[in-house]
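Asks: Handing over my_file-v4.txt, compact mmCIF, C-alpha atoms.
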```
# COMPACT_ATOMS: atom_id res chain seq x y z
CA MET O 1 -17.55 -12.04 -1.36
CA ALA O 2 -13.86 -11.54 -1.86
CA ARG O 3 -12.80 -8.52 -3.86
CA VAL O 4 -11.48 -9.34 -7.32
CA LEU O 5 -9.52 -7.46 -9.98
CA LEU O 6 -9.90 -8.90 -13.47
CA ARG O 7 -8.36 -7.84 -16.75
CA VAL O 8 -10.10 -9.31 -19.77
CA PRO O 9 -10.24 -7.60 -23.18
CA THR O 10 -13.84 -6.67 -24.00
CA MET O 11 -13.32 -6.69 -27.75
CA THR O 12 -10.76 -8.53 -29.84
CA GLU O 13 -10.08 -10.10 -33.23
CA LYS O 14 -10.79 -13.76 -33.91
CA GLY O 15 -7.65 -15.87 -33.62
CA SER O 16 -5.67 -13.36 -31.59
CA VAL O 17 -3.81 -14.32 -28.41
CA ILE O 18 -5.32 -12.54 -25.43
CA GLU O 19 -3.87 -12.12 -21.95
CA ILE O 20 -6.16 -12.58 -18.97
CA ARG O 21 -5.27 -11.50 -15.43
CA ALA O 22 -7.08 -12.39 -12.23
CA LEU O 23 -6.26 -11.11 -8.73
CA ILE O 24 -8.35 -12.09 -5.70
CA GLN O 25 -8.27 -10.98 -2.07
CA HIS O 26 -7.59 -14.04 0.09
CA VAL O 27 -5.47 -14.71 3.21
CA MET O 28 -3.99 -18.03 1.93
CA GLU O 29 -3.35 -19.10 5.53
CA THR O 30 -0.91 -22.01 5.26
CA GLY O 31 -2.02 -24.10 8.24
CA TYR O 32 1.56 -24.15 9.51
CA ARG O 33 1.69 -20.81 11.31
CA PRO O 34 1.08 -20.43 15.04
CA ASN O 35 -0.99 -17.48 16.26
CA ALA O 36 -0.02 -15.20 19.16
CA GLN O 37 -1.14 -17.89 21.64
CA GLY O 38 1.11 -20.48 20.01
CA GLU O 39 -1.76 -22.51 18.52
CA LEU O 40 -1.64 -23.51 14.86
CA GLN O 41 -4.01 -21.44 12.75
CA PRO O 42 -6.18 -23.71 10.62
CA ARG O 43 -5.43 -23.87 6.93
CA ASP O 44 -7.52 -21.50 4.82
CA ILE O 45 -6.43 -21.46 1.20
CA ILE O 46 -7.91 -21.37 -2.26
CA TRP O 47 -7.09 -24.72 -3.78
CA THR O 48 -8.37 -24.41 -7.30
CA PHE O 49 -8.90 -21.79 -9.97
CA THR O 50 -10.74 -22.45 -13.23
CA CYS O 51 -11.41 -20.25 -16.24
CA ARG O 52 -14.16 -21.21 -18.68
CA TYR O 53 -14.59 -19.54 -22.03
CA GLY O 54 -17.87 -20.20 -23.81
CA GLY O 55 -18.49 -22.97 -21.26
CA GLU O 56 -15.25 -24.80 -22.00
CA VAL O 57 -12.36 -24.96 -19.51
CA VAL O 58 -9.40 -23.07 -21.02
CA PHE O 59 -7.25 -22.72 -17.91
CA ASN O 60 -7.07 -24.49 -14.59
CA ALA O 61 -4.65 -24.22 -11.68
CA THR O 62 -4.18 -26.04 -8.39
CA LEU O 63 -2.91 -23.78 -5.62
CA SER O 64 -0.91 -24.86 -2.57
CA PRO O 65 -0.19 -23.47 0.91
CA ALA O 66 3.14 -22.09 -0.37
CA ILE O 67 1.36 -19.50 -2.51
CA ALA O 68 1.25 -15.97 -1.09
CA ALA O 69 -1.89 -14.15 -0.01
CA ASN O 70 -4.02 -12.45 -2.67
CA PRO O 71 -3.01 -14.81 -5.49
CA PHE O 72 -2.48 -13.27 -8.92
CA ILE O 73 -2.86 -15.50 -11.97
CA ALA O 74 -2.10 -14.45 -15.55
CA PHE O 75 -2.40 -16.63 -18.64
CA THR O 76 -3.14 -16.43 -22.34
CA THR O 77 -5.75 -18.03 -24.54
CA ILE O 78 -6.93 -17.69 -28.15
CA ALA O 79 -9.99 -15.60 -28.97
CA THR O 80 -12.30 -18.06 -30.72
CA GLN O 81 -15.83 -16.72 -30.31
CA SER O 82 -17.92 -14.08 -28.60
CA GLY O 83 -19.21 -15.27 -25.27
CA PRO O 84 -18.87 -15.34 -21.50
CA VAL O 85 -15.54 -15.86 -19.73
CA SER O 86 -16.06 -17.10 -16.19
CA PHE O 87 -13.60 -17.39 -13.32
CA THR O 88 -14.13 -19.70 -10.36
CA TRP O 89 -12.05 -19.90 -7.19
CA GLU O 90 -12.74 -22.68 -4.67
CA GLY O 91 -11.10 -23.35 -1.33
CA ASP O 92 -11.28 -24.26 2.33
CA ASN O 93 -14.28 -23.46 4.52
CA GLY O 94 -16.63 -23.70 1.55
CA PHE O 95 -15.00 -20.77 -0.25
CA ALA O 96 -16.46 -20.51 -3.75
CA GLN O 97 -16.67 -17.46 -5.95
CA THR O 98 -17.46 -17.01 -9.61
CA GLU O 99 -17.10 -13.85 -11.70
CA THR O 100 -18.13 -13.51 -15.33
CA ARG O 101 -17.13 -11.09 -18.08
CA HIS O 102 -18.18 -10.93 -21.71
CA ILE O 103 -15.80 -10.93 -24.62
CA THR O 104 -16.75 -9.83 -28.14
CA VAL O 105 -14.79 -11.39 -31.00
CA THR O 106 -14.92 -9.72 -34.41
CA MET T 1 43.30 24.45 -16.00
CA LYS T 2 40.52 23.41 -18.30
CA ARG T 3 40.47 19.99 -16.67
CA ILE T 4 40.12 21.51 -13.19
CA ALA T 5 37.24 23.65 -14.31
CA LEU T 6 35.51 20.61 -15.76
CA ALA T 7 36.02 18.60 -12.61
CA LEU T 8 34.62 21.43 -10.54
CA PHE T 9 31.58 21.64 -12.77
CA ALA T 10 30.96 17.92 -12.47
CA CYS T 11 31.14 18.02 -8.70
CA CYS T 12 28.76 20.93 -8.36
CA SER T 13 26.16 19.72 -10.80
CA ILE T 14 25.89 16.46 -8.87
CA ALA T 15 25.54 18.24 -5.56
CA SER T 16 22.75 20.46 -6.81
CA ALA T 17 20.66 17.67 -8.36
CA ASP T 18 17.83 16.18 -6.31
CA GLU T 19 19.31 12.94 -5.05
CA ARG T 20 16.18 11.85 -3.28
CA ARG T 21 14.66 8.66 -4.59
CA SER T 22 11.53 6.77 -3.73
CA GLY T 23 11.83 3.26 -2.32
CA LEU T 24 10.03 2.23 -5.52
CA LEU T 25 13.32 2.53 -7.41
CA ASP T 26 15.18 0.35 -4.90
CA MET T 27 12.97 -2.64 -5.69
CA ARG T 28 13.61 -5.37 -8.21
CA PRO T 29 11.91 -4.83 -11.60
CA GLU T 30 9.13 -7.39 -10.96
CA ALA T 31 8.00 -5.57 -7.81
CA GLN T 32 8.15 -2.21 -9.61
CA ALA T 33 5.98 -3.60 -12.41
CA MET T 34 3.51 -4.85 -9.80
CA GLN T 35 3.14 -1.33 -8.39
CA ARG T 36 2.89 0.38 -11.74
CA ASP T 37 0.07 -1.78 -13.12
CA ASP T 38 -3.20 -1.45 -11.21
CA SER T 39 -4.41 -4.83 -12.48
CA MET T 40 -1.45 -6.53 -10.74
CA ASN T 41 -1.23 -4.31 -7.64
CA PRO T 42 -2.95 -6.04 -4.68
CA GLY T 43 -3.04 -2.68 -2.85
CA MET T 44 -5.84 -1.77 -5.27
CA LEU T 45 -8.05 -4.38 -3.53
CA TRP T 46 -7.87 -2.23 -0.39
CA VAL T 47 -8.55 0.94 -2.42
CA LEU T 48 -11.68 -0.70 -3.84
CA ASP T 49 -12.75 -1.78 -0.33
CA GLY T 50 -12.27 1.82 0.79
CA GLU T 51 -14.35 3.11 -2.10
CA ALA T 52 -17.22 0.81 -1.05
CA LEU T 53 -16.92 1.97 2.59
CA TRP T 54 -16.87 5.62 1.48
CA GLY T 55 -20.42 5.24 0.18
CA ARG T 56 -21.76 3.09 3.02
CA LYS T 57 -23.48 4.28 6.22
CA PRO T 58 -21.80 2.66 9.27
CA THR T 59 -25.17 2.65 11.05
CA PRO T 60 -28.60 3.24 9.46
CA ALA T 61 -28.98 6.65 11.13
CA ALA T 62 -25.50 7.92 10.23
CA GLN T 63 -24.36 9.71 7.09
CA SER T 64 -21.78 8.07 4.84
CA CYS T 65 -18.45 9.74 4.05
CA ALA T 66 -19.88 10.47 0.61
CA ASP T 67 -22.99 12.16 2.08
CA CYS T 68 -20.75 14.88 3.51
CA HIS T 69 -17.68 14.85 1.27
CA GLY T 70 -19.26 13.96 -2.09
CA ASP T 71 -17.02 12.66 -4.85
CA ALA T 72 -13.67 11.78 -3.28
CA ALA T 73 -11.86 12.40 -6.57
CA ALA T 74 -12.60 16.10 -6.03
CA SER T 75 -12.93 16.52 -2.25
CA MET T 76 -9.99 14.30 -1.21
CA ARG T 77 -7.60 15.26 -3.99
CA GLY T 78 -4.37 16.52 -2.43
CA VAL T 79 -5.50 15.88 1.15
CA ALA T 80 -3.01 13.06 1.87
CA ALA T 81 -0.19 15.22 0.48
CA ARG T 82 -0.56 17.71 3.36
CA TYR T 83 -0.90 15.39 6.36
CA PRO T 84 0.06 15.23 9.24
CA ALA T 85 -1.60 18.60 9.82
CA PHE T 86 -2.26 20.79 12.82
CA ASP T 87 -5.62 20.18 14.46
CA GLN T 88 -6.81 23.46 16.01
CA ALA T 89 -9.45 21.76 18.16
CA SER T 90 -6.99 19.55 20.05
CA GLY T 91 -4.00 21.86 19.66
CA SER T 92 -1.84 19.00 18.37
CA ALA T 93 -0.78 17.37 15.11
CA ILE T 94 -2.99 14.71 13.55
CA ASP T 95 -2.20 12.15 10.85
CA LEU T 96 -4.53 11.17 8.04
CA ALA T 97 -5.67 7.96 9.77
CA GLY T 98 -6.31 9.98 12.93
CA ARG T 99 -8.44 12.46 10.96
CA ILE T 100 -10.52 9.62 9.53
CA ILE T 101 -10.95 8.13 13.04
CA GLN T 102 -12.06 11.58 14.21
CA CYS T 103 -14.60 11.93 11.40
CA ARG T 104 -16.06 8.53 12.26
CA GLU T 105 -16.43 9.55 15.91
CA ALA T 106 -17.54 13.15 15.58
CA HIS T 107 -19.56 13.08 12.38
CA GLN T 108 -20.82 9.52 12.05
CA ALA T 109 -21.19 8.46 15.71
CA GLY T 110 -20.38 5.03 14.35
CA PRO T 111 -18.34 2.18 15.77
CA PRO T 112 -14.76 3.44 16.33
CA LEU T 113 -12.13 2.60 13.72
CA ALA T 114 -9.13 0.83 15.28
CA ARG T 115 -5.59 1.57 14.09
CA GLU T 116 -4.42 -1.01 11.51
CA SER T 117 -7.96 -2.42 11.22
CA LYS T 118 -8.88 -3.56 7.75
CA GLU T 119 -11.57 -0.89 7.54
CA LEU T 120 -9.29 2.01 8.49
CA LEU T 121 -6.53 0.82 6.14
CA ALA T 122 -9.06 0.55 3.32
CA LEU T 123 -10.41 4.08 3.93
CA SER T 124 -6.88 5.50 4.31
CA SER T 125 -5.77 3.77 1.10
CA PHE T 126 -8.79 5.09 -0.79
CA VAL T 127 -8.35 8.67 0.48
CA ALA T 128 -4.56 8.68 -0.13
CA HIS T 129 -5.03 7.15 -3.60
CA GLN T 130 -6.91 10.35 -4.61
CA SER T 131 -3.54 12.14 -4.32
CA ARG T 132 -1.48 9.66 -6.31
CA GLY T 133 0.99 11.54 -8.51
CA LEU T 134 0.63 14.81 -6.58
CA PRO T 135 3.67 16.36 -4.87
CA ILE T 136 3.95 16.09 -1.09
CA ALA T 137 3.09 19.55 0.27
CA PRO T 138 3.33 19.78 4.07
CA PRO T 139 1.40 22.72 5.56
CA GLU T 140 3.39 25.85 6.40
CA ASP T 141 1.55 26.72 9.62
CA THR T 142 3.59 27.46 12.71
CA GLY T 143 1.95 24.72 14.78
CA MET T 144 3.64 22.08 12.64
CA ARG T 145 7.11 23.56 12.99
CA ALA T 146 7.68 22.31 16.55
CA VAL T 147 6.20 18.93 15.64
CA ARG T 148 8.65 18.49 12.75
CA ALA T 149 11.55 19.58 14.93
CA LEU T 150 10.62 16.86 17.43
CA GLY T 151 10.39 14.34 14.58
CA GLN T 152 13.82 15.35 13.33
CA ARG T 153 15.24 15.01 16.83
CA ILE T 154 13.87 11.46 17.19
CA TYR T 155 15.13 10.62 13.69
CA ASN T 156 18.67 11.57 14.72
CA THR T 157 18.63 9.91 18.14
CA ARG T 158 20.27 6.53 18.67
CA MET T 159 17.85 3.97 20.08
CA GLY T 160 17.48 0.34 21.08
CA GLN T 161 20.00 -2.31 22.05
CA LEU T 162 21.73 -1.82 18.70
CA ASP T 163 22.05 1.89 19.52
CA LEU T 164 21.34 3.11 16.00
CA SER T 165 19.44 6.17 14.79
CA CYS T 166 17.14 6.28 11.78
CA ALA T 167 19.63 8.66 10.17
CA GLN T 168 22.52 6.22 10.49
CA CYS T 169 20.74 3.76 8.25
CA HIS T 170 18.61 5.97 6.02
CA ASP T 171 20.95 8.97 5.51
CA ASP T 172 24.45 7.52 6.05
CA HIS T 173 23.92 4.08 4.49
CA ALA T 174 21.00 4.48 2.07
CA GLY T 175 21.58 2.53 -1.13
CA ARG T 176 23.71 -0.05 0.67
CA ARG T 177 22.50 -3.46 1.76
CA LEU T 178 21.50 -4.76 5.16
CA ALA T 179 21.36 -8.56 5.08
CA GLY T 180 19.01 -9.30 2.16
CA SER T 181 17.38 -5.86 1.85
CA SER T 182 18.61 -2.66 0.31
CA ILE T 183 18.34 0.33 2.62
CA PRO T 184 15.96 2.89 1.14
CA GLN T 185 16.06 6.62 1.85
CA ALA T 186 12.88 6.24 3.94
CA HIS T 187 10.54 8.51 2.01
CA PRO T 188 6.90 8.13 3.06
CA THR T 189 5.62 8.35 -0.53
CA GLY T 190 3.54 5.20 -0.83
CA TYR T 191 1.46 4.76 2.31
CA PRO T 192 -0.54 2.77 3.17
CA ILE T 193 1.65 0.23 1.34
CA TYR T 194 1.15 -3.36 0.28
CA ARG T 195 4.21 -5.02 1.76
CA LEU T 196 5.14 -8.38 0.30
CA GLU T 197 6.54 -9.51 3.67
CA TRP T 198 3.21 -8.70 5.38
CA GLN T 199 1.17 -10.15 2.52
CA GLY T 200 -1.18 -7.28 3.13
CA VAL T 201 -1.59 -3.54 3.51
CA GLY T 202 -0.17 -1.60 6.46
CA SER T 203 0.42 1.97 7.57
CA LEU T 204 3.61 4.00 7.76
CA GLN T 205 3.52 3.58 11.52
CA ARG T 206 3.51 -0.20 11.14
CA ARG T 207 6.58 0.15 8.89
CA LEU T 208 8.27 2.38 11.50
CA ARG T 209 7.51 -0.15 14.25
CA GLY T 210 9.34 -2.72 12.12
CA CYS T 211 12.44 -0.50 11.96
CA MET T 212 12.32 0.16 15.70
CA VAL T 213 11.93 -3.52 16.57
CA GLY T 214 14.81 -4.18 14.17
CA VAL T 215 17.17 -2.17 16.37
CA ARG T 216 15.63 -3.75 19.52
CA ALA T 217 13.93 -0.54 20.61
CA GLU T 218 10.51 -0.36 22.24
CA PRO T 219 8.27 0.95 19.43
CA PHE T 220 6.07 4.00 20.02
CA ALA T 221 2.33 3.38 20.21
CA TYR T 222 0.11 3.72 17.12
CA GLY T 223 -1.20 7.27 16.89
CA SER T 224 1.34 8.53 19.47
CA SER T 225 2.67 12.08 19.22
CA GLU T 226 6.17 10.63 18.60
CA PHE T 227 5.07 8.67 15.54
CA ILE T 228 3.09 11.61 14.18
CA ALA T 229 6.17 13.82 14.69
CA ILE T 230 8.43 11.38 12.78
CA GLU T 231 5.80 11.16 10.05
CA ALA T 232 5.65 14.98 9.82
CA TYR T 233 9.45 15.18 9.58
CA LEU T 234 9.62 12.47 6.89
CA MET T 235 6.95 14.29 4.86
CA GLU T 236 8.92 17.55 5.08
CA ARG T 237 12.07 15.68 4.03
CA ALA T 238 10.13 14.34 1.02
CA ARG T 239 8.46 17.66 0.16
CA GLY T 240 7.74 17.80 -3.59
CA MET T 241 8.12 14.06 -4.19
CA ALA T 242 5.11 12.36 -5.79
CA LEU T 243 2.68 10.23 -3.77
CA GLU T 244 2.31 6.62 -4.97
CA THR T 245 -0.46 5.10 -2.85
CA PRO T 246 -0.95 2.15 -2.96
CA ALA T 247 2.78 1.38 -3.25
CA ILE T 248 4.33 -2.08 -3.18
CA ARG T 249 7.33 -2.61 -0.92
CA PRO T 250 9.39 -5.71 -0.18
```
In structure tokens, what does this structure look like?
Replies:
Amino acid sequence: MARVLLRVPTMTEKGSVIEIRALIQHVMETGYRPNAQGELQPRDIIWTFTCRYGGEVVFNATLSPAIAANPFIAFTTIATQSGPVSFTWEGDNGFAQTETRHITVT
Amino acid sequence: MKRIALALFACCSIASADERRSGLLDMRPEAQAMQRDDSMNPGMLWVLDGEALWGRKPTPAAQSCADCHGDAAASMRGVAARYPAFDQASGSAIDLAGRIIQCREAHQAGPPLARESKELLALSSFVAHQSRGLPIAPPEDTGMRAVRALGQRIYNTRMGQLDLSCAQCHDDHAGRRLAGSSIPQAHPTGYPIYRLEWQGVGSLQRRLRGCMVGVRAEPFAYGSSEFIAIEAYLMERARGMALETPAIRP
């Protein structure tokens, strides 16, 4: 499991705009870099990130080899209901990780 | 007459102020913001890795760091601020990473920790993070005096094909630009750092290797007495400045 740093408000007012931040540890190896022996290192990147809120996709991003290691993604959404907010990263070599937090809307 | 007195006053008040500044302040605002907010600082990923390792036994029979040292927030507070320190047993100076390597060997009998390995950087980041905000306070013992003097000598010696000393860049030209980078004053306040160019965390010695390679000099070996001496001198030069681990640097 890759280490993840998430910032999601635990409690907020209905209708308010909330900022969500997600940082994940990942090499994001481009596939274009030679190693010390001069051989190309195979590509190893995260290629998609999805955030679901109450089961519905509220944010989605496609990542590319040009993105630096340990990608940081910040976005906003509107607090509509109490429920789970899940984050999924998928990538090369079967990389798949999901983290879930709960948000309470009052 | 009045004007002369004023001018004199202005000159002297500038000279007496502390003109030392952390490399943090030489960075663009986005990079500074990244360091100041733990939820954006990728160095925190290494600190969290280190926290997990702190509580884990390297082999089933061994004790974890926590078994001996307890809560790091109490036992490791201030430790990074006074390294390198004099090691009575070996009669030489030891840096923080070297002390952690020694603990693994002597007290855990576990697999050795290699310099710049992910595990050692994580443990060093976690231990040094316990001193974030504390002033650098090098030990006063006599053993360290000779070590710092050696470090100062190396710092002032021209080296490499470019024939430049550390001091020529970091004392004489600090604040000016070298190609795309601004030259910092070289204070060791943030180590291990997350360097954007490395896209990962590295030690002060890795940073120093970069400077030595930059002037086409043969870098000292990791853990060598020369590197520990430079580190000790840089810490003395930064005495009283606050630690920032994990810092971001370009």
Asks: List the neighbours of range 103-106 of chain T out to 12 Å using all atoms listed in the file; skip same-chain residues closer than 6 positions along the sequence, and give me the result as a PyMOL selection string.
Replies: chain T and resi 53-54+57-59+62-65+68-69+96-97+112-114+119-120+123
Asks: Which is closer to chain T than all the others in O:Tyr32, O:Leu63, O:Thr48, O:Ala68, using all atoms listed in the file?
Replies: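 The shortest atom-to-atom distance to chain T comes from O:Ala68.
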Asks: Can you tell me how far CA of Arg20 in chain T sits from CA of Phe126 in chain T, in Å to one decimal?
Replies: 26.0 Å
Asks: Dump as a list in words the residues of chain O that approach chain T to within 9 Å, counting only C-alpha atoms.
Replies: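 Here they are: Arg3, Val4, Leu5, Leu6, Arg7, Arg21, Ala22, Leu23, Ile24, Gln25, Val27, Ala68, Ala69, Asn70, Pro71 and Phe72 of chain O.
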Asks: Taking the point (-9.1, -22.4, -19.7) as given in the file, collect each protein or nucleic acid residue that comes within 10 Å of it, counting only C-alpha atoms, and present the set as a VMD selection string.
Replies: chain O and resid 49 to 61 75 to 78 85 to 87
Asks: Suppose you want the space between CA of Ile45 in chain O and CA of Arg33 in chain O; what is it in Å?
Replies: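 Here the two named atoms are 13.0 Å from each other.
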Asks: One decimal, in Å: what's the spacing between CA of Glu51 in chain T and CA of Gly110 in chain T?
Replies: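 Interatomic distance here is 17.6 Å.
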Asks: Within 8 Å of Leu162 in chain T, counting all atoms listed in the file, which residues qualify if same-chain residues fewer than 2 places away don't, as a list in words?
Replies: Met159, Gly160, Leu164, Val215 and Arg216 of chain T
Asks: Return the single residue from T:Ala217, T:Cys211, T:Ala93, T:Ala61 that is closest to Arg148 in chain T, with distances computed using only C-alpha atoms.
Replies: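 For Arg148 in chain T, the nearest of the given residues is T:Ala93.
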Asks: In the coordinates of the file, take the point (6.4, -1.4, 10.2) and a cut-off of 12 Å; then, counting only C-alpha atoms, name each qualifying protein, DNA or RNA residue as a PyMOL selection string.
Replies: chain T and resi 116+186+188+191-195+197-198+200-214+219-222+227+249-250
Asks: Give me, as JSON, numbers by chain, all polymer residues having an atom no more than 12 Å from Thr80 in chain O, counting only C-alpha atoms and skipping those fewer than 3 positions away in the same chain.
Replies: {"O": [11, 12, 13, 14, 15, 16, 17, 18, 53, 54, 56, 58, 77, 83, 84, 85, 103, 104, 105, 106]}
Asks: Applying 8 Å and only C-alpha atoms, which residues near Arg132 in chain T remain after dropping the ones on its own chain fewer than 2 positions away? List them as a VMD selection string.
Replies: chain T and resid 128 to 130 134 242 to 245
Asks: Atoms to include: C-alpha atoms. Write the selected residues as a CSV table (one decimal), in the frame of the given file.
Replies:
```
chain,number,residue,atom,x,y,z
T,128,ALA,CA,-4.6,8.7,-0.1
T,129,HIS,CA,-5.0,7.2,-3.6
T,130,GLN,CA,-6.9,10.4,-4.6
T,134,LEU,CA,0.6,14.8,-6.6
T,242,ALA,CA,5.1,12.4,-5.8
T,243,LEU,CA,2.7,10.2,-3.8
T,244,GLU,CA,2.3,6.6,-5.0
T,245,THR,CA,-0.5,5.1,-2.8
```
Asks: Please list as a PyMOL selection string every residue within 9 Å of Ile46 in chain O, counting all atoms listed in the file and excluding residues in the same chain fewer than 2 positions away.
Replies: chain O and resi 26-28+44+48-49+62-65+71+89-92+95-96
Asks: Compare O:Thr88, O:Glu99, O:Gly94, O:Ile20 by their minimum atom-to-atom distance to Ile73 in chain O, counting all atoms listed in the file, and give me the closest one.
Replies: O:Ile20
